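Q: For reference, this is my_file.pdb, and it has PDB, C-alpha atoms.
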ATOM      1  CA  MET A 163     162.898 216.068 120.926
ATOM      2  CA  ILE A 164     160.371 216.439 123.756
ATOM      3  CA  THR A 165     157.428 214.024 123.712
ATOM      4  CA  PRO A 166     154.145 215.976 123.797
ATOM      5  CA  GLN A 167     152.310 215.522 127.080
ATOM      6  CA  PHE A 168     148.786 215.830 125.674
ATOM      7  CA  ASP A 169     147.328 213.241 123.297
ATOM      8  CA  ILE A 170     144.290 215.302 122.389
ATOM      9  CA  PRO A 171     144.643 217.965 119.682
ATOM     10  CA  CYS A 172     144.759 221.684 120.405
ATOM     11  CA  VAL A 173     142.917 224.211 118.250
ATOM     12  CA  ILE A 174     143.606 227.932 118.527
ATOM     13  CA  LEU A 175     140.584 230.003 117.487
ATOM     14  CA  CYS A 176     141.767 232.813 115.176
ATOM     15  CA  GLY A 177     138.723 233.585 113.037
ATOM     16  CA  GLY A 178     136.918 236.267 115.036
ATOM     17  CA  LYS A 179     135.993 239.690 113.694
ATOM     18  CA  SER A 180     138.086 241.590 116.286
ATOM     19  CA  SER A 181     135.527 244.410 116.090
ATOM     20  CA  ARG A 182     136.361 245.817 119.550
ATOM     21  CA  MET A 183     140.094 245.809 118.749
ATOM     22  CA  GLY A 184     139.546 247.629 115.436
ATOM     23  CA  GLU A 185     142.001 245.335 113.607
ATOM     24  CA  ASP A 186     142.627 241.610 113.361
ATOM     25  CA  LYS A 187     144.073 240.760 116.781
ATOM     26  CA  ALA A 188     145.344 237.407 115.503
ATOM     27  CA  LEU A 189     147.850 239.376 113.410
ATOM     28  CA  LEU A 190     149.009 241.842 116.085
ATOM     29  CA  PRO A 191     152.714 241.633 117.011
ATOM     30  CA  PHE A 192     153.317 239.995 120.387
ATOM     31  CA  SER A 193     156.465 239.466 122.442
ATOM     32  CA  ASN A 194     159.251 238.828 119.931
ATOM     33  CA  TYR A 195     156.845 237.268 117.404
ATOM     34  CA  ASN A 196     155.382 238.842 114.279
ATOM     35  CA  THR A 197     151.871 237.848 115.342
ATOM     36  CA  LEU A 198     149.899 236.819 118.398
ATOM     37  CA  THR A 199     148.920 233.680 116.467
ATOM     38  CA  GLN A 200     152.513 232.610 115.939
ATOM     39  CA  TYR A 201     153.246 233.281 119.621
ATOM     40  CA  GLN A 202     150.362 231.051 120.746
ATOM     41  CA  PHE A 203     151.143 228.362 118.161
ATOM     42  CA  ASP A 204     154.837 228.134 119.070
ATOM     43  CA  ARG A 205     154.102 228.292 122.809
ATOM     44  CA  LEU A 206     151.564 225.443 122.736
ATOM     45  CA  LYS A 207     152.975 223.245 119.950
ATOM     46  CA  PRO A 208     155.579 221.384 122.062
ATOM     47  CA  HIS A 209     152.863 220.223 124.489
ATOM     48  CA  PHE A 210     150.393 218.744 121.994
ATOM     49  CA  LYS A 211     150.724 215.893 119.537
ATOM     50  CA  ASP A 212     148.648 217.886 117.022
ATOM     51  CA  ILE A 213     147.931 221.615 116.880
ATOM     52  CA  TYR A 214     145.682 223.562 114.511
ATOM     53  CA  LEU A 215     144.449 227.070 113.832
ATOM     54  CA  SER A 216     140.749 227.685 113.239
ATOM     55  CA  SER A 217     140.106 230.443 110.721
ATOM     56  CA  LYS A 218     138.035 231.362 107.683
ATOM     57  CA  THR A 219     141.203 232.009 105.634
ATOM     58  CA  ASN A 220     144.923 231.261 105.690
ATOM     59  CA  LYS A 221     146.283 234.589 106.886
ATOM     60  CA  PHE A 222     149.302 233.018 108.602
ATOM     61  CA  ASP A 223     152.644 233.502 106.873
ATOM     62  CA  PHE A 224     154.569 231.402 109.440
ATOM     63  CA  LEU A 225     152.809 228.112 108.623
ATOM     64  CA  LYS A 226     154.619 225.721 106.322
ATOM     65  CA  SER A 227     151.402 224.157 105.004
ATOM     66  CA  HIS A 228     147.622 224.371 105.076
ATOM     67  CA  GLU A 229     147.487 221.133 107.089
ATOM     68  CA  ASN A 230     147.472 223.037 110.375
ATOM     69  CA  ILE A 231     144.349 225.047 109.502
ATOM     70  CA  ILE A 232     140.770 224.001 110.152
ATOM     71  CA  TYR A 233     138.641 226.249 107.975
ATOM     72  CA  ASP A 234     135.344 227.412 109.446
ATOM     73  CA  ASN A 235     133.672 228.052 106.101
ATOM     74  CA  ILE A 236     130.338 226.388 106.844
ATOM     75  CA  SER A 237     128.743 229.831 106.795
ATOM     76  CA  ASP A 238     129.670 233.424 106.000
ATOM     77  CA  GLU A 239     128.826 234.218 109.597
ATOM     78  CA  SER A 240     131.689 234.503 112.100
ATOM     79  CA  SER A 241     130.755 232.620 115.229
ATOM     80  CA  PRO A 242     132.615 230.444 117.725
ATOM     81  CA  LEU A 243     129.834 227.871 117.318
ATOM     82  CA  ILE A 244     130.516 227.601 113.555
ATOM     83  CA  ALA A 245     134.224 227.209 114.335
ATOM     84  CA  LEU A 246     133.459 224.535 116.937
ATOM     85  CA  LYS A 247     131.302 222.623 114.441
ATOM     86  CA  SER A 248     134.117 222.689 111.851
ATOM     87  CA  ILE A 249     136.670 221.615 114.453
ATOM     88  CA  LEU A 250     134.646 218.702 115.832
ATOM     89  CA  GLU A 251     133.752 217.493 112.325
ATOM     90  CA  THR A 252     137.385 217.679 111.179
ATOM     91  CA  ILE A 253     139.382 216.185 114.035
ATOM     92  CA  LYS A 254     139.630 212.430 114.434
ATOM     93  CA  SER A 255     139.923 212.545 118.227
ATOM     94  CA  ASP A 256     136.815 212.375 120.445
ATOM     95  CA  LYS A 257     138.049 215.399 122.386
ATOM     96  CA  VAL A 258     139.849 218.626 121.548
ATOM     97  CA  PHE A 259     141.381 221.385 123.641
ATOM     98  CA  VAL A 260     140.175 224.784 122.392
ATOM     99  CA  ILE A 261     141.722 228.136 123.249
ATOM    100  CA  THR A 262     141.338 231.590 121.736
ATOM    101  CA  VAL A 263     144.289 233.326 120.131
ATOM    102  CA  ASP A 264     143.758 236.304 122.426
ATOM    103  CA  THR A 265     144.424 234.513 125.737
ATOM    104  CA  PRO A 266     148.234 234.260 125.628
ATOM    105  CA  PHE A 267     148.860 233.784 129.364
ATOM    106  CA  VAL A 268     146.970 230.556 130.083
ATOM    107  CA  LYS A 269     149.530 228.309 131.792
ATOM    108  CA  ILE A 270     150.362 224.804 130.615
ATOM    109  CA  ASP A 271     149.560 223.545 134.137
ATOM    110  CA  SER A 272     146.066 225.027 133.820
ATOM    111  CA  ILE A 273     145.598 223.421 130.405
ATOM    112  CA  GLU A 274     146.700 220.104 131.900
ATOM    113  CA  LYS A 275     144.106 220.454 134.662
ATOM    114  CA  LEU A 276     141.352 221.194 132.121
ATOM    115  CA  ILE A 277     142.346 218.137 130.061
ATOM    116  CA  ASN A 278     142.732 215.806 133.043
ATOM    117  CA  GLU A 279     139.322 216.783 134.427
ATOM    118  CA  SER A 280     137.578 216.079 131.099
ATOM    119  CA  LEU A 281     137.165 212.321 131.481
ATOM    120  CA  SER A 282     133.658 211.884 130.067
ATOM    121  CA  ASN A 283     132.584 215.484 129.783
ATOM    122  CA  SER A 284     133.600 218.873 128.454
ATOM    123  CA  THR A 285     135.451 221.346 130.664
ATOM    124  CA  ILE A 286     135.865 225.110 130.692
ATOM    125  CA  ALA A 287     137.951 227.470 132.797
ATOM    126  CA  VAL A 288     136.217 229.772 135.272
ATOM    127  CA  THR A 289     137.602 232.775 137.164
ATOM    128  CA  SER A 290     135.246 235.598 138.105
ATOM    129  CA  ARG A 291     133.576 234.722 134.789
ATOM    130  CA  GLU A 292     133.299 231.702 132.517
ATOM    131  CA  HIS A 293     135.909 231.293 129.791
ATOM    132  CA  ASN A 294     133.746 229.347 127.341
ATOM    133  CA  LEU A 295     136.483 229.055 124.740
ATOM    134  CA  CYS A 296     139.248 227.776 126.980
ATOM    135  CA  GLY A 297     138.618 224.120 127.628
ATOM    136  CA  VAL A 298     137.916 220.681 126.283
ATOM    137  CA  TYR A 299     135.020 219.885 123.958
ATOM    138  CA  ASN A 300     133.755 216.408 123.019
ATOM    139  CA  LYS A 301     132.461 215.269 119.638
ATOM    140  CA  SER A 302     129.279 214.323 121.485
ATOM    141  CA  CYS A 303     128.412 218.067 121.343
ATOM    142  CA  LEU A 304     127.941 217.960 117.555
ATOM    143  CA  PRO A 305     124.227 217.039 117.401
ATOM    144  CA  ILE A 306     123.379 219.931 119.743
ATOM    145  CA  ILE A 307     125.620 222.324 117.786
ATOM    146  CA  ASN A 308     123.968 221.284 114.499
ATOM    147  CA  GLU A 309     120.508 221.829 115.967
ATOM    148  CA  MET A 310     121.509 225.250 117.325
ATOM    149  CA  ILE A 311     122.904 226.337 113.952
ATOM    150  CA  LYS A 312     119.674 225.226 112.232
ATOM    151  CA  GLU A 313     117.812 227.443 114.711
ATOM    152  CA  ASN A 314     120.292 230.299 114.079
ATOM    153  CA  ASN A 315     121.350 230.219 117.737
ATOM    154  CA  HIS A 316     125.102 230.861 117.940
ATOM    155  CA  LYS A 317     125.471 231.377 121.689
ATOM    156  CA  ILE A 318     128.171 229.167 123.241
ATOM    157  CA  GLY A 319     126.576 229.782 126.657
ATOM    158  CA  PHE A 320     123.399 228.067 125.417
ATOM    159  CA  LEU A 321     125.439 225.072 124.232
ATOM    160  CA  LEU A 322     127.145 224.784 127.616
ATOM    161  CA  LYS A 323     123.755 224.497 129.351
ATOM    162  CA  LYS A 324     122.860 221.545 127.094
ATOM    163  CA  ILE A 325     126.014 219.406 127.461
ATOM    164  CA  GLU A 326     127.714 217.503 130.255
ATOM    165  CA  LEU A 327     130.085 220.193 131.518
ATOM    166  CA  LYS A 328     132.574 220.556 134.329
ATOM    167  CA  LYS A 329     133.688 224.067 135.292
ATOM    168  CA  ILE A 330     137.247 224.230 136.610
ATOM    169  CA  GLU A 331     137.979 227.179 138.869
ATOM    170  CA  PHE A 332     141.160 229.252 138.587
ATOM    171  CA  PHE A 333     142.091 232.319 140.613
ATOM    172  CA  ASP A 334     144.570 234.350 138.548
ATOM    173  CA  GLU A 335     142.540 236.794 136.444
ATOM    174  CA  ASN A 336     145.630 237.906 134.480
ATOM    175  CA  GLU A 337     146.227 234.321 133.356
ATOM    176  CA  PHE A 338     142.918 234.455 131.508
ATOM    177  CA  LEU A 339     143.261 238.039 130.288
ATOM    178  CA  ASN A 340     141.368 238.306 127.019
ATOM    179  CA  LEU A 341     142.751 240.831 124.525
ATOM    180  CA  ASN A 342     139.524 242.327 123.213
ATOM    181  CA  LYS A 343     140.362 246.037 123.183
ATOM    182  CA  LYS A 344     143.473 248.171 122.654
ATOM    183  CA  GLU A 345     143.763 248.668 126.437
ATOM    184  CA  ASP A 346     143.811 244.875 126.963
ATOM    185  CA  TYR A 347     146.528 244.528 124.326
ATOM    186  CA  GLN A 348     148.633 247.258 125.969
ATOM    187  CA  LYS A 349     148.198 245.599 129.376
ATOM    188  CA  ALA A 350     149.291 242.252 127.889
ATOM    189  CA  LEU A 351     152.381 243.850 126.346
ATOM    190  CA  SER A 352     153.318 245.226 129.764
ATOM    191  CA  LEU A 353     152.876 241.771 131.367
ATOM    192  CA  ILE A 354     154.872 239.759 128.842
TER     193      ILE A 354
END
Translate this file's structure into structure tokens.

A:
Amino acid sequence: MITPQFDIPCVILCGGKSSRMGEDKALLPFSNYNTLTQYQFDRLKPHFKDIYLSSKTNKFDFLKSHENIIYDNISDESSPLIALKSILETIKSDKVFVITVDTPFVKIDSIEKLINESLSNSTIAVTSREHNLCGVYNKSCLPIINEMIKENNHKIGFLLKKIELKKIEFFDENEFLNLNKKEDYQKALSLI
């Protein structure tokens, strides 16, 4: 058995509305897997001591138990900020690596760089744009997140302006391809 290289937990965000895709992208078939979620989970699991899925419900037939799900049921609203609050309140670790289910090409080397650069701060990946939900978040973000939710402000970009943040630059746009629309999904299938 391979010893995981990362001590911090990994959480795959799977609770979005997928409105631009027109169907739940977390459940789309990918590679030789039944779902994109299972692909991401199985791809990342060997590298992390603990791995979880963030979702409002258990829609994952490949999981053996509910223990790998962090439910973001604080509110009926679907928002990455609500998910982040649930994650940071649930995990025991001071830091967590967060990635969206719809970024299946982020390399383990890139994840390692994001984790290694997150000594006392949070980190996110940056290419030609910021990838706010691919990086390391600290529990120290919780008070700001709670205040934002009270004010009904769910913008991750606003949170990132308020916390100690390091932006790590990467140059391969395809590595951070985000499967938001059918065209993105088709492109990803051709790249796999």

Q: When the PyMOL selection byres ((chain A and resi 186-189) around 6) is applied to the file above, which residues end up in the set, as a PyMOL selection string?

A: chain A and resi 176+180+185+190+197-199

Q: Box time for stretch 294-309 of chain A: axis-aligned, enclosing all its listed atoms, 4 Å extra on each side; report centre and edge lengths in Å to one decimal, as AutoDock Vina command-line options.

A:
--center_x 129.9 --center_y 221.8 --center_z 121.1 --size_x 26.7 --size_y 23.0 --size_z 21.1

Q: Under the rule that only C-alpha atoms are counted, which of A:Phe338, A:Phe267, A:Phe320, A:Phe259 is the nearest residue to A:Phe192?

A: A:Phe267

Q: Would you mind reading off the distance between atom CA of A:Thr265 and atom CA of A:Leu341, one decimal, in Å?

A: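 Between atom CA of A:Thr265 and atom CA of A:Leu341 the gap is 6.6 Å.
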
Q: With only C-alpha atoms counted, which protein, DNA or RNA residues have an atom no more than 10 Å from (143.8, 230.1, 136.7) in the file frame? Please answer as a VMD selection string.

A: chain A and resid 267 to 269 271 to 273 275 287 to 289 330 to 338

Q: Could you give me, as a ChimeraX atom specification, the residues within 10 Å of A:Gly319, counting all atoms listed in the file and dropping anything in the same chain fewer than 3 positions from it?

A: /A:292-294,316,322-324

Q: Could you jot down the atom CA of A:Lys254 to atom CA of A:Ser240 separation for me, Å, one decimal place?

A: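 Straight-line distance from atom CA of A:Lys254 to atom CA of A:Ser240 works out to 23.6 Å.
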
Q: Which residues are close to A:Val298, i.e. within 8 Å by only C-alpha atoms, leaving aside same-chain residues fewer than 3 positions away? Reply as a PDB file with C-alpha atoms, in the frame of the given file.

A:
ATOM      1  CA  LYS A 257     138.049 215.399 122.386  1.00  0.00           C
ATOM      2  CA  VAL A 258     139.849 218.626 121.548  1.00  0.00           C
ATOM      3  CA  PHE A 259     141.381 221.385 123.641  1.00  0.00           C
ATOM      4  CA  VAL A 260     140.175 224.784 122.392  1.00  0.00           C
ATOM      5  CA  LEU A 276     141.352 221.194 132.121  1.00  0.00           C
ATOM      6  CA  ILE A 277     142.346 218.137 130.061  1.00  0.00           C
ATOM      7  CA  SER A 280     137.578 216.079 131.099  1.00  0.00           C
ATOM      8  CA  SER A 284     133.600 218.873 128.454  1.00  0.00           C
ATOM      9  CA  THR A 285     135.451 221.346 130.664  1.00  0.00           C
ATOM     10  CA  ILE A 286     135.865 225.110 130.692  1.00  0.00           C
TER      11      ILE A 286
END

Q: Find the distance between atom CA of A:Tyr233 and atom CA of A:Ser248 and write it in Å to one decimal.

A: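 Computing it gives 6.9 Å between the two atoms.
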
Q: Please determine, counting all atoms listed in the file, which residue among A:Leu351, A:Leu206, A:Val263, A:Ile236 has the shortest atom-to-atom distance to A:Ile249.

A: A:Ile236

Q: Applying the PyMOL selection byres ((chain A and resi 303) around 10) to the file I just gave you, which residues come out? Please list them as a count of residues only.

A: 19

Q: Compare A:Cys296, A:Pro191, A:Lys349, A:Gln200 by their minimum atom-to-atom distance to A:Asp223, counting all atoms listed in the file, and give me the closest one.

A: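 Of all the options, A:Gln200 lies closest to A:Asp223.
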
Q: Applying the PyMOL selection byres ((chain A and resi 232) around 12) to the file I just gave you, which residues come out? Please list them as a ChimeraX atom specification.

A: /A:171-177,213-220,227-231,233-236,244-253

Q: How would stretch 294-321 of chain A read, as an mmCIF file, in the coordinates of the input, once N, CA and C atoms are built in?

A:
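The resulting selection03.cif:
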data_model
loop_
_atom_site.group_PDB
_atom_site.id
_atom_site.type_symbol
_atom_site.label_atom_id
_atom_site.label_comp_id
_atom_site.auth_asym_id
_atom_site.auth_seq_id
_atom_site.Cartn_x
_atom_site.Cartn_y
_atom_site.Cartn_z
ATOM 1 N N ASN A 294 134.400 230.381 128.151
ATOM 2 C CA ASN A 294 133.746 229.347 127.341
ATOM 3 C C ASN A 294 134.632 228.762 126.255
ATOM 4 N N LEU A 295 135.632 229.515 125.838
ATOM 5 C CA LEU A 295 136.483 229.055 124.740
ATOM 6 C C LEU A 295 137.896 228.773 125.219
ATOM 7 N N CYS A 296 137.987 228.277 126.432
ATOM 8 C CA CYS A 296 139.248 227.776 126.980
ATOM 9 C C CYS A 296 138.905 226.501 127.728
ATOM 10 N N GLY A 297 138.974 225.386 127.004
ATOM 11 C CA GLY A 297 138.618 224.120 127.628
ATOM 12 C C GLY A 297 138.569 222.989 126.633
ATOM 13 N N VAL A 298 137.992 221.904 127.076
ATOM 14 C CA VAL A 298 137.916 220.681 126.283
ATOM 15 C C VAL A 298 136.479 220.475 125.826
ATOM 16 N N TYR A 299 136.336 220.188 124.524
ATOM 17 C CA TYR A 299 135.020 219.885 123.958
ATOM 18 C C TYR A 299 135.038 218.478 123.373
ATOM 19 N N ASN A 300 133.918 217.767 123.528
ATOM 20 C CA ASN A 300 133.755 216.408 123.019
ATOM 21 C C ASN A 300 132.972 216.418 121.712
ATOM 22 N N LYS A 301 133.236 215.430 120.875
ATOM 23 C CA LYS A 301 132.461 215.269 119.638
ATOM 24 C C LYS A 301 130.976 215.053 119.930
ATOM 25 N N SER A 302 130.678 214.566 121.123
ATOM 26 C CA SER A 302 129.279 214.323 121.485
ATOM 27 C C SER A 302 128.447 215.609 121.477
ATOM 28 N N CYS A 303 129.110 216.768 121.417
ATOM 29 C CA CYS A 303 128.412 218.067 121.343
ATOM 30 C C CYS A 303 127.819 218.332 119.961
ATOM 31 N N LEU A 304 128.309 217.636 118.939
ATOM 32 C CA LEU A 304 127.941 217.960 117.555
ATOM 33 C C LEU A 304 126.436 217.979 117.266
ATOM 34 N N PRO A 305 125.666 216.981 117.699
ATOM 35 C CA PRO A 305 124.227 217.039 117.401
ATOM 36 C C PRO A 305 123.563 218.308 117.952
ATOM 37 N N ILE A 306 123.953 218.717 119.142
ATOM 38 C CA ILE A 306 123.379 219.931 119.743
ATOM 39 C C ILE A 306 123.826 221.162 118.959
ATOM 40 N N ILE A 307 125.098 221.204 118.579
ATOM 41 C CA ILE A 307 125.620 222.324 117.786
ATOM 42 C C ILE A 307 124.872 222.416 116.457
ATOM 43 N N ASN A 308 124.683 221.290 115.785
ATOM 44 C CA ASN A 308 123.968 221.284 114.499
ATOM 45 C C ASN A 308 122.547 221.794 114.647
ATOM 46 N N GLU A 309 121.875 221.373 115.715
ATOM 47 C CA GLU A 309 120.508 221.829 115.967
ATOM 48 C C GLU A 309 120.482 223.337 116.235
ATOM 49 N N MET A 310 121.445 223.816 117.022
ATOM 50 C CA MET A 310 121.509 225.250 117.325
ATOM 51 C C MET A 310 121.738 226.074 116.062
ATOM 52 N N ILE A 311 122.618 225.603 115.191
ATOM 53 C CA ILE A 311 122.904 226.337 113.952
ATOM 54 C C ILE A 311 121.660 226.374 113.062
ATOM 55 N N LYS A 312 120.929 225.253 112.996
ATOM 56 C CA LYS A 312 119.674 225.226 112.232
ATOM 57 C C LYS A 312 118.705 226.280 112.749
ATOM 58 N N GLU A 313 118.717 226.473 114.077
ATOM 59 C CA GLU A 313 117.812 227.443 114.711
ATOM 60 C C GLU A 313 118.419 228.850 114.746
ATOM 61 N N ASN A 314 119.580 229.017 114.123
ATOM 62 C CA ASN A 314 120.292 230.299 114.079
ATOM 63 C C ASN A 314 120.632 230.812 115.488
ATOM 64 N N ASN A 315 120.934 229.883 116.379
ATOM 65 C CA ASN A 315 121.350 230.219 117.737
ATOM 66 C C ASN A 315 122.848 229.954 117.821
ATOM 67 N N HIS A 316 123.648 230.996 117.961
ATOM 68 C CA HIS A 316 125.102 230.861 117.940
ATOM 69 C C HIS A 316 125.739 231.136 119.304
ATOM 70 N N LYS A 317 124.962 231.045 120.361
ATOM 71 C CA LYS A 317 125.471 231.377 121.689
ATOM 72 C C LYS A 317 126.120 230.156 122.355
ATOM 73 N N ILE A 318 127.430 230.256 122.587
ATOM 74 C CA ILE A 318 128.171 229.167 123.241
ATOM 75 C C ILE A 318 127.589 228.893 124.633
ATOM 76 N N GLY A 319 127.170 229.948 125.331
ATOM 77 C CA GLY A 319 126.576 229.782 126.657
ATOM 78 C C GLY A 319 125.369 228.859 126.637
ATOM 79 N N PHE A 320 124.566 228.942 125.565
ATOM 80 C CA PHE A 320 123.399 228.067 125.417
ATOM 81 C C PHE A 320 123.853 226.616 125.245
ATOM 82 N N LEU A 321 124.891 226.412 124.431
ATOM 83 C CA LEU A 321 125.439 225.072 124.232
ATOM 84 C C LEU A 321 125.895 224.474 125.565
#
